[in-house]
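One file, start-v3.txt, is given below (compact mmCIF, C-alpha atoms and all ligand atoms).
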```
# COMPACT_ATOMS: atom_id res chain seq x y z
CA MET A 4 52.45 6.81 13.43
CA GLU A 5 53.75 3.40 12.59
CA GLN A 6 51.12 0.97 11.31
CA THR A 7 51.48 -1.73 13.99
CA GLN A 8 51.49 0.76 16.82
CA LEU A 9 48.40 2.42 15.42
CA GLU A 10 46.72 -0.93 15.04
CA ASN A 11 47.59 -1.87 18.63
CA GLU A 12 46.15 1.32 19.99
CA ILE A 13 42.97 0.94 18.01
CA ARG A 14 42.63 -2.67 19.00
CA GLN A 15 43.08 -1.87 22.66
CA ALA A 16 40.50 0.91 22.56
CA VAL A 17 37.97 -1.22 20.70
CA GLU A 18 38.48 -4.28 22.86
CA GLY A 19 37.81 -2.26 25.99
CA VAL A 20 34.30 -1.36 24.84
CA GLU A 21 31.54 -3.11 26.73
CA HIS A 22 29.00 -5.00 24.66
CA PRO A 23 25.57 -3.45 25.28
CA ALA A 24 23.79 -6.80 25.58
CA PHE A 25 26.34 -9.16 27.04
CA LYS A 26 27.90 -6.75 29.53
CA ARG A 27 31.34 -8.02 28.68
CA SER A 28 34.07 -6.34 26.70
CA LEU A 29 34.37 -6.83 22.96
CA GLY A 30 37.86 -8.16 23.69
CA ASP A 31 36.46 -10.82 26.02
CA LEU A 32 33.90 -11.77 23.45
CA GLY A 33 36.60 -12.02 20.79
CA MET A 34 34.81 -9.57 18.52
CA TYR A 35 37.74 -7.48 17.29
CA ASP A 36 38.97 -8.88 14.01
CA ARG A 37 41.31 -6.59 12.07
CA LEU A 38 42.14 -3.16 10.78
CA GLU A 39 42.46 -2.26 7.13
CA GLN A 40 43.83 0.94 5.77
CA ASP A 41 42.18 2.13 2.60
CA GLY A 42 44.42 4.64 0.87
CA GLU A 43 45.59 7.58 2.95
CA ASP A 44 42.51 8.59 4.75
CA VAL A 45 40.14 5.69 5.43
CA LEU A 46 40.55 3.23 8.30
CA ARG A 47 38.27 0.24 8.40
CA VAL A 48 37.78 -1.53 11.71
CA PHE A 49 36.35 -5.03 11.23
CA LEU A 50 34.35 -6.50 14.06
CA LYS A 51 33.04 -10.03 14.19
CA THR A 52 29.51 -10.37 15.42
CA PRO A 53 27.73 -13.54 16.44
CA LYS A 54 24.37 -12.29 15.21
CA GLN A 55 23.19 -9.68 12.74
CA ASP A 56 21.30 -7.15 14.79
CA ARG A 57 21.32 -3.69 13.26
CA LYS A 58 20.14 -1.92 16.37
CA GLN A 59 22.88 -3.49 18.45
CA GLU A 60 25.46 -2.70 15.78
CA ILE A 61 24.54 0.97 15.82
CA ASP A 62 24.90 0.94 19.56
CA ILE A 63 28.29 -0.76 19.44
CA GLU A 64 29.46 1.51 16.65
CA ALA A 65 28.69 4.60 18.74
CA LYS A 66 30.55 3.16 21.69
CA VAL A 67 33.54 2.20 19.55
CA ARG A 68 33.68 5.70 18.05
CA GLY A 69 33.61 7.11 21.55
CA ALA A 70 36.50 4.90 22.56
CA LEU A 71 38.51 5.87 19.47
CA GLN A 72 37.94 9.60 19.97
CA PRO A 73 40.95 10.17 22.26
CA LEU A 74 43.28 8.64 19.63
CA GLN A 75 42.51 11.53 17.25
CA LEU A 76 42.81 9.32 14.22
CA PRO A 77 43.52 11.02 10.92
CA GLY A 78 40.89 10.69 8.21
CA LYS A 79 37.71 8.67 8.25
CA VAL A 80 36.98 5.64 10.39
CA LYS A 81 34.54 3.02 9.13
CA ILE A 82 33.28 0.23 11.26
CA ARG A 83 32.25 -2.99 9.58
CA PHE A 84 30.50 -5.95 11.08
CA GLU A 85 31.02 -9.46 9.81
CA LEU A 86 28.94 -12.41 10.91
CA ASP A 87 30.80 -15.11 12.80
CA GLU A 88 28.39 -17.57 14.32
CA SER A 89 31.10 -19.39 16.20
CA LEU A 90 31.19 -16.47 18.64
CA ALA A 91 27.51 -16.87 19.51
CA PRO A 92 27.44 -16.04 23.19
CA GLU A 93 23.66 -15.99 23.33
CA GLU A 94 23.60 -19.66 22.60
CA THR A 95 25.68 -20.45 25.61
CA GLY A 96 23.85 -17.88 27.75
CA ASN A 97 25.74 -17.04 30.89
CA ARG A 98 28.15 -19.86 30.35
CA ILE A 99 31.81 -20.16 29.55
CA ARG A 100 32.51 -21.66 26.18
CA GLY A 101 34.21 -25.03 26.47
CA ILE A 102 33.21 -25.69 30.08
CA LYS A 103 30.52 -28.30 30.52
CA ASN A 104 29.79 -28.15 34.25
CA ILE A 105 30.47 -25.44 36.80
CA VAL A 106 30.03 -26.45 40.40
CA ALA A 107 30.56 -24.22 43.44
CA ILE A 108 31.64 -25.66 46.77
CA GLY A 109 30.29 -23.72 49.72
CA SER A 110 30.06 -23.98 53.48
CA GLY A 111 28.52 -22.02 56.30
CA LYS A 112 31.74 -21.79 58.27
CA GLY A 113 35.46 -21.83 57.61
CA GLY A 114 37.53 -24.73 58.80
CA VAL A 115 35.03 -27.45 57.93
CA GLY A 116 37.30 -28.79 55.19
CA LYS A 117 35.77 -27.11 52.16
CA SER A 118 39.10 -26.63 50.42
CA THR A 119 40.28 -30.12 51.32
CA VAL A 120 37.07 -31.51 49.83
CA THR A 121 37.41 -29.34 46.70
CA ALA A 122 40.99 -30.48 46.09
CA ASN A 123 40.17 -34.14 46.59
CA LEU A 124 37.00 -34.03 44.53
CA ALA A 125 38.97 -32.40 41.72
CA ALA A 126 41.52 -35.19 42.04
CA ALA A 127 38.79 -37.85 41.97
CA LEU A 128 37.20 -36.34 38.86
CA LYS A 129 40.62 -36.28 37.25
CA LEU A 130 41.22 -39.93 38.12
CA ARG A 131 37.92 -40.73 36.42
CA GLY A 132 39.34 -39.22 33.25
CA HIS A 133 37.53 -35.87 33.30
CA ALA A 134 39.17 -32.59 32.36
CA VAL A 135 39.08 -30.54 35.56
CA GLY A 136 39.73 -26.94 36.53
CA VAL A 137 39.57 -25.31 39.94
CA ILE A 138 39.06 -21.69 40.94
CA ASP A 139 40.13 -20.87 44.46
CA ALA A 140 37.73 -18.01 45.09
CA ASP A 141 38.15 -18.00 48.86
CA ILE A 142 39.64 -14.55 49.00
CA TYR A 143 39.87 -14.58 52.78
CA GLY A 144 41.78 -17.81 53.06
CA PRO A 145 42.90 -19.07 49.67
CA SER A 146 44.48 -22.45 50.34
CA LEU A 147 44.13 -24.53 47.21
CA GLY A 148 47.55 -23.54 45.96
CA LYS A 149 49.03 -24.96 49.12
CA LEU A 150 46.91 -28.11 48.95
CA PHE A 151 48.41 -28.74 45.51
CA GLY A 152 51.95 -27.98 46.59
CA PHE A 153 52.25 -24.29 45.68
CA ASN A 154 52.68 -22.19 48.75
CA GLY A 155 52.68 -18.47 48.03
CA ARG A 156 53.18 -16.56 44.84
CA VAL A 157 53.02 -18.18 41.46
CA ALA A 158 53.50 -16.19 38.27
CA LEU A 159 50.91 -17.26 35.74
CA LYS A 160 51.76 -16.90 32.07
CA GLY A 161 49.85 -14.37 30.04
CA ASP A 162 49.04 -14.98 26.41
CA GLY A 163 49.45 -11.35 25.38
CA LYS A 164 45.70 -11.03 24.82
CA ASN A 165 44.52 -10.08 28.29
CA ARG A 166 44.24 -13.68 29.35
CA ILE A 167 46.25 -15.89 31.61
CA ASP A 168 46.99 -19.58 31.51
CA PRO A 169 46.00 -21.47 34.65
CA LEU A 170 48.57 -23.44 36.58
CA ASP A 171 48.61 -27.06 35.49
CA VAL A 172 49.12 -29.44 38.39
CA ASN A 173 49.20 -33.01 37.09
CA GLY A 174 46.54 -32.12 34.57
CA ILE A 175 44.33 -30.22 37.01
CA LYS A 176 44.05 -26.55 36.05
CA LEU A 177 44.16 -24.11 38.91
CA VAL A 178 43.97 -20.39 39.64
CA SER A 179 44.04 -18.94 43.12
CA PHE A 180 44.16 -15.56 44.80
CA SER A 181 47.06 -16.94 46.78
CA PHE A 182 49.19 -16.88 43.62
CA MET A 183 49.15 -13.10 43.87
CA LEU A 184 50.12 -12.91 47.52
CA ASN A 185 53.06 -13.62 49.74
CA PRO A 186 52.28 -16.47 52.12
CA ASP A 187 51.58 -14.23 55.13
CA GLN A 188 49.95 -11.36 53.35
CA ALA A 189 46.34 -10.59 54.28
CA VAL A 190 43.86 -9.50 51.62
CA VAL A 191 41.39 -6.69 51.86
CA TRP A 192 39.00 -6.75 48.95
CA ARG A 193 35.83 -4.74 48.75
CA GLY A 194 32.57 -5.73 47.09
CA PRO A 195 33.02 -4.35 43.57
CA MET A 196 36.66 -5.41 43.41
CA LEU A 197 35.64 -8.87 44.45
CA GLY A 198 33.14 -9.17 41.65
CA LYS A 199 35.77 -8.05 39.18
CA ALA A 200 38.35 -10.49 40.48
CA VAL A 201 35.96 -13.42 40.28
CA GLU A 202 34.93 -12.33 36.80
CA GLN A 203 38.55 -12.38 35.69
CA PHE A 204 39.04 -15.87 37.04
CA LEU A 205 36.04 -17.01 35.07
CA PHE A 206 36.45 -15.20 31.78
CA GLN A 207 40.07 -14.22 31.44
CA VAL A 208 41.67 -17.55 32.09
CA ASN A 209 42.40 -19.92 29.23
CA TRP A 210 40.49 -22.85 30.65
CA GLY A 211 40.22 -24.66 27.35
CA GLU A 212 37.85 -27.61 27.28
CA LEU A 213 36.75 -28.70 30.75
CA ASP A 214 34.26 -31.28 31.94
CA TYR A 215 34.19 -29.74 35.40
CA LEU A 216 35.15 -26.39 36.83
CA LEU A 217 35.00 -26.45 40.63
CA ILE A 218 34.88 -23.20 42.56
CA ASP A 219 36.02 -23.10 46.18
CA LEU A 220 33.94 -20.28 47.66
CA PRO A 221 34.66 -18.28 50.78
CA PRO A 222 32.65 -19.53 53.77
CA GLY A 223 29.29 -17.93 54.46
CA THR A 224 26.97 -15.94 52.27
CA GLY A 225 28.78 -12.85 50.98
CA ASP A 226 29.64 -10.83 47.90
CA VAL A 227 31.58 -13.51 46.08
CA GLN A 228 28.66 -15.93 46.13
CA LEU A 229 26.33 -13.24 44.85
CA SER A 230 28.50 -11.93 42.08
CA LEU A 231 29.21 -15.46 40.96
CA ALA A 232 25.53 -16.29 40.72
CA GLN A 233 24.99 -13.14 38.65
CA LEU A 234 27.96 -13.71 36.36
CA ILE A 235 27.34 -17.26 35.28
CA ASP A 236 24.82 -20.05 35.32
CA LEU A 237 26.17 -22.38 37.96
CA ASP A 238 25.20 -25.98 37.39
CA GLY A 239 25.02 -26.50 41.07
CA ALA A 240 26.48 -26.08 44.50
CA ILE A 241 27.78 -28.60 46.97
CA ILE A 242 27.61 -27.83 50.67
CA VAL A 243 30.35 -29.07 52.94
CA THR A 244 29.63 -29.37 56.62
CA THR A 245 30.89 -31.09 59.71
CA PRO A 246 28.32 -33.07 61.68
CA GLN A 247 27.86 -30.92 64.77
CA ASN A 248 24.91 -28.60 65.29
CA VAL A 249 26.65 -25.22 65.08
CA ALA A 250 28.18 -26.08 61.73
CA LEU A 251 24.86 -27.40 60.48
CA GLN A 252 23.04 -24.18 61.29
CA ASP A 253 25.54 -22.18 59.28
CA ALA A 254 25.41 -24.73 56.48
CA GLY A 255 21.64 -24.32 56.45
CA ARG A 256 22.06 -20.58 55.91
CA ALA A 257 24.43 -21.23 53.03
CA ALA A 258 21.90 -23.63 51.52
CA HIS A 259 19.18 -20.98 51.79
CA MET A 260 21.36 -18.48 50.01
CA PHE A 261 21.98 -20.77 47.05
CA LEU A 262 18.27 -21.43 46.75
CA GLU A 263 17.54 -17.70 46.84
CA VAL A 264 19.92 -17.00 43.98
CA LYS A 265 18.47 -19.99 42.08
CA VAL A 266 21.53 -22.18 42.19
CA PRO A 267 20.54 -25.85 42.48
CA ILE A 268 22.08 -27.62 45.44
CA LEU A 269 23.50 -30.92 44.28
CA GLY A 270 23.98 -32.27 47.77
CA VAL A 271 25.84 -32.26 51.05
CA ILE A 272 29.24 -33.69 51.86
CA GLU A 273 29.73 -34.39 55.52
CA ASN A 274 33.37 -34.00 56.40
CA MET A 275 35.13 -35.23 59.54
CA SER A 276 32.22 -37.60 59.99
CA LEU A 277 33.83 -40.27 61.96
CA PHE A 278 37.16 -40.85 63.60
CA VAL A 279 38.77 -44.23 63.06
CA CYS A 280 41.51 -44.87 65.59
CA PRO A 281 44.67 -45.68 63.63
CA ASN A 282 45.81 -48.03 66.38
CA CYS A 283 42.79 -50.08 67.30
CA GLY A 284 40.35 -49.36 64.50
CA HIS A 285 37.70 -48.17 66.94
CA GLU A 286 35.23 -45.82 65.30
CA SER A 287 33.96 -42.78 67.16
CA HIS A 288 31.69 -39.95 66.13
CA VAL A 289 33.78 -37.12 67.51
CA PHE A 290 31.33 -34.35 66.76
CA SER A 291 27.98 -36.07 66.55
CA LYS A 292 26.19 -38.52 64.34
CA ASN A 293 24.18 -38.10 61.14
CA GLY A 294 24.38 -34.29 61.03
CA GLY A 295 24.96 -34.24 57.28
CA GLN A 296 22.02 -36.57 56.71
CA SER A 297 19.68 -34.41 58.77
CA LEU A 298 20.75 -31.27 56.88
CA ALA A 299 20.26 -33.08 53.59
CA SER A 300 16.80 -34.27 54.62
CA ARG A 301 15.80 -30.82 55.77
CA PHE A 302 16.56 -29.36 52.32
CA LYS A 303 15.50 -32.47 50.41
CA MET A 304 18.91 -32.87 48.88
CA PRO A 305 21.09 -35.94 48.76
CA LEU A 306 23.95 -36.70 51.12
CA LEU A 307 26.69 -37.19 48.54
CA GLY A 308 29.21 -38.71 50.89
CA GLU A 309 30.82 -38.84 54.30
CA ILE A 310 34.54 -38.25 54.69
CA PRO A 311 36.22 -39.54 57.85
CA LEU A 312 38.41 -37.49 60.14
CA LEU A 313 41.88 -38.75 59.38
CA GLY A 314 45.34 -37.46 60.17
CA ASP A 315 46.46 -38.57 56.71
CA ILE A 316 43.97 -36.25 55.01
CA MET A 317 45.38 -33.30 56.87
CA GLU A 318 49.01 -34.37 56.36
CA SER A 319 48.75 -34.93 52.64
CA GLY A 320 47.15 -31.50 52.39
CA GLU A 321 50.04 -30.00 54.31
CA GLU A 322 52.44 -31.75 51.98
CA GLY A 323 50.71 -30.52 48.87
CA GLU A 324 49.28 -33.69 47.43
CA PRO A 325 45.57 -34.48 47.87
CA ILE A 326 45.15 -37.84 49.56
CA VAL A 327 43.00 -39.10 46.68
CA LEU A 328 46.10 -38.93 44.46
CA ARG A 329 48.49 -40.14 47.11
CA GLU A 330 46.52 -43.21 48.17
CA ARG A 331 44.49 -44.01 45.10
CA GLY A 332 43.20 -47.31 46.39
CA GLY A 333 42.50 -46.07 49.92
CA PRO A 334 39.14 -45.60 51.59
CA VAL A 335 39.21 -41.79 51.23
CA ALA A 336 39.85 -42.06 47.50
CA GLN A 337 36.95 -44.53 47.30
CA ALA A 338 34.67 -42.07 49.06
CA PHE A 339 35.60 -39.19 46.74
CA LEU A 340 35.39 -41.34 43.61
CA ALA A 341 31.89 -42.36 44.67
CA ILE A 342 30.95 -38.69 45.01
CA ALA A 343 32.51 -37.90 41.63
CA ASP A 344 30.40 -40.67 40.08
CA LYS A 345 27.20 -39.21 41.48
CA LEU A 346 27.74 -35.71 40.12
CA PRO A 347 26.47 -36.18 36.54
CA THR A 348 23.14 -37.62 37.73
CA GLU A 349 22.66 -34.87 40.28
CA ILE A 350 23.48 -32.16 37.76
CA ASP A 351 21.16 -33.72 35.17
CA LYS A 352 18.23 -33.44 37.55
CA TYR A 353 18.26 -29.68 37.05
CA ARG A 354 19.00 -29.49 33.32
N1 LIG B 1 38.57 -35.15 56.85
C1 LIG B 1 39.59 -34.53 57.45
N2 LIG B 1 40.39 -35.18 58.33
C2 LIG B 1 41.41 -34.52 58.95
N3 LIG B 1 41.71 -33.24 58.75
C3 LIG B 1 40.95 -32.56 57.90
C4 LIG B 1 39.87 -33.14 57.19
N4 LIG B 1 39.30 -32.20 56.39
C5 LIG B 1 40.01 -31.08 56.60
N5 LIG B 1 41.00 -31.28 57.50
C6 LIG B 1 41.94 -30.29 58.01
O1 LIG B 1 41.18 -29.25 58.62
C7 LIG B 1 41.74 -27.98 58.35
C8 LIG B 1 40.73 -27.08 57.65
O2 LIG B 1 40.44 -27.62 56.36
P1 LIG B 1 40.22 -26.70 55.09
O3 LIG B 1 39.99 -27.61 53.95
O4 LIG B 1 41.30 -25.70 54.97
O5 LIG B 1 38.85 -26.01 55.53
P2 LIG B 1 38.04 -24.76 54.90
O6 LIG B 1 38.44 -24.64 53.47
O7 LIG B 1 36.61 -25.15 55.10
O8 LIG B 1 38.41 -23.59 55.73
C9 LIG B 1 42.99 -28.25 57.53
O9 LIG B 1 44.09 -28.30 58.36
C10 LIG B 1 42.73 -29.62 56.93
O10 LIG B 1 43.91 -30.32 56.66
MG MG B 2 39.39 -23.08 52.54
```
Any chance you could give the structure as structure tokens?
Ligand SMILES: Nc1ncnc2c1ncn2[C@@H]1O[C@H](COP(=O)(O)OP(=O)(O)O)[C@@H](O)[C@H]1O
Ligand SMILES: [Mg+2]
Amino acid sequence: MEQTQLENEIRQAVEGVEHPAFKRSLGDLGMYDRLEQDGEDVLRVFLKTPKQDRKQEIDIEAKVRGALQPLQLPGKVKIRFELDESLAPEETGNRIRGIKNIVAIGSGKGGVGKSTVTANLAAALKLRGHAVGVIDADIYGPSLGKLFGFNGRVALKGDGKNRIDPLDVNGIKLVSFSFMLNPDQAVVWRGPMLGKAVEQFLFQVNWGELDYLLIDLPPGTGDVQLSLAQLIDLDGAIIVTTPQNVALQDAGRAAHMFLEVKVPILGVIENMSLFVCPNCGHESHVFSKNGGQSLASRFKMPLLGEIPLLGDIMESGEEGEPIVLRERGGPVAQAFLAIADKLPTEIDKYR
């Protein structure tokens, strides 16, 4: 067998092995280093390890040998571990290297403007000079692509190492389930597949250095929320609701769920709070008044902001440019910038 082909096969087999402690593949953890051939009949596989732990190494070695078995390699295989502290996943815990804050955006119901809020909050954070990424994890109705001007399929570039580059929209990094679908295609994902898909969005995307990674969750309290909470340490969740009672009840359930899985709730954003007549300027509370505030009080969490009901918010979404970017000086941008400015303090409360 040719050397490079052999090396590729070995690399692939080794990288697929799951680390016994971190429950992620050696490839994900970046532990495969190189292969050296020693004379005719000795192959040395070099693995980088963040920490010298003999017991773990024995465990990994056994697994690696198991994975190499089907290749029927000629001669002897030796597995060597070399310390590389820069890999240190235990230091970062259940975090993603390079990402400072991960915030999930949830709601009790669909249609309350969760995605619109996510897109505009991402835009506001970007305007404040932060490096921002967004995961559209709403598998049932992924719409962030569209909100940023990408309707339907988008081919993301791979880097040849099992990872993809996110889409870069004016400096905001984005991945969405919608990139894999035709515009009218429905998705049917089941529990375990969902967990896997979310995991890939977290760990197999080249996010680089980010100040904020926002995650637009599906509405309600399902599998995606749970697998997310198990996969990483979320720095917090934001609950989006509209002011009327029915929405608030569902939002309350969503809040309960986050508390149960030990995700701190950073606050509530009330969307479609108030309708300002574009002709006469008259303000009316279309749904009802102070719903967001009462939800916030009930859970002892802050009301981060109130976003008015405005045709322009909807239209700019339809046209693929969040209103915060389109009308930077406008009242909606002001509201989102104010929310963006509150985030660090709210996150710090739980650190
Ligand atoms: N503040 C708002 N004013 C006017 N329309 C809004 C506002 N927020 C959201 N919308 C519109 O409501 C609809 C649902 O919003 P969306 O963000 O997709 O909700 P969700 O993600 O919660 O399902 C979209 O058509 C969106 O443009
Ligand atoms: Mg949505």
As a PyMOL selection string, please: the residues near Glu273 of chain A (cut-off 9 Å, only C-alpha atoms, same-chain neighbours under 6 positions excluded). chain A and resi 242-246+293-296+306-311
When the cut-off is 10 Å and you count only C-alpha atoms and all ligand atoms, which residues lie near ligand LIG 1 (chain B), shown as JSON, numbers by chain? {"A": [108, 109, 110, 111, 112, 113, 114, 115, 116, 117, 118, 119, 120, 121, 122, 123, 139, 141, 143, 144, 145, 146, 147, 149, 150, 219, 220, 221, 222, 243, 244, 245, 273, 274, 275, 276, 277, 278, 309, 310, 311, 312, 313, 314, 315, 316, 317, 318, 319, 320, 321, 322, 325, 335]}
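Atom CA of Ile63 of chain A to atom CA of Thr7 of chain A spans 23.8 Å [interatomic distance, one decimal].
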Residues near Val48 of chain A, anyone? I mean within 10 Å using all atoms listed in the file, not counting same-chain ones fewer than 5 positions away, as a PyMOL selection string. chain A and resi 10+13-14+17+35-40+67+80-84
File of the preceding selection, C-alpha atoms, as a tab-separated table (two decimals), in the frame of the given file:
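Listed below is the output, part-v7.tsv:
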```
chain	number	residue	atom	x	y	z
A	10	GLU	CA	46.72	-0.93	15.04
A	13	ILE	CA	42.97	0.94	18.01
A	14	ARG	CA	42.63	-2.67	19.00
A	17	VAL	CA	37.97	-1.22	20.70
A	35	TYR	CA	37.74	-7.48	17.29
A	36	ASP	CA	38.97	-8.88	14.01
A	37	ARG	CA	41.31	-6.59	12.07
A	38	LEU	CA	42.14	-3.16	10.78
A	39	GLU	CA	42.46	-2.26	7.13
A	40	GLN	CA	43.83	0.94	5.77
A	67	VAL	CA	33.54	2.20	19.55
A	80	VAL	CA	36.98	5.64	10.39
A	81	LYS	CA	34.54	3.02	9.13
A	82	ILE	CA	33.28	0.23	11.26
A	83	ARG	CA	32.25	-2.99	9.58
A	84	PHE	CA	30.50	-5.95	11.08
```
Report as JSON, numbers by chain all protein, DNA and RNA residues lying within 10 Å of segment 256-268 of chain A, evaluated on all atoms listed in the file, omitting residues in the same chain fewer than 3 positions from it. {"A": [106, 107, 108, 109, 110, 111, 112, 222, 223, 224, 225, 228, 229, 231, 232, 233, 236, 237, 238, 239, 240, 241, 242, 243, 251, 252, 253, 271, 298, 299, 302, 303, 304, 305, 349, 350, 352, 353, 354]}
Can you measure atom CA of Lys176 of chain A to atom CA of Leu124 of chain A for me? One decimal in Å is fine.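 That distance, rounded to one decimal, is 13.3 Å.
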Contacts of segment 163-175 of chain A at 6 Å or less, counting only C-alpha atoms, minus same-chain residues fewer than 5 places along, as a VMD selection string? chain A and resid 135 to 136 207 to 209
Do you have the atom CA of Lys345 of chain A-atom CA of Ile105 of chain A distance handy? 14.9 Å
Given 8 Å on each side, where is the centre and what are the edge lengths in Å to one decimal of the axis-aligned box enclosing the listed atoms of segment 260-279 of chain A, as AutoDock Vina command-line options?
```
--center_x 28.2 --center_y -30.6 --center_z 52.8 --size_x 37.2 --size_y 43.2 --size_z 37.5
```
Find, counting all atoms listed in the file, the residue in A:Val249, A:Ala200, A:Leu205, A:Ala140 that gets nearest to ligand MG 2 (chain B).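 Ranked by minimum distance to ligand MG 2 (chain B), first place goes to A:Ala140.
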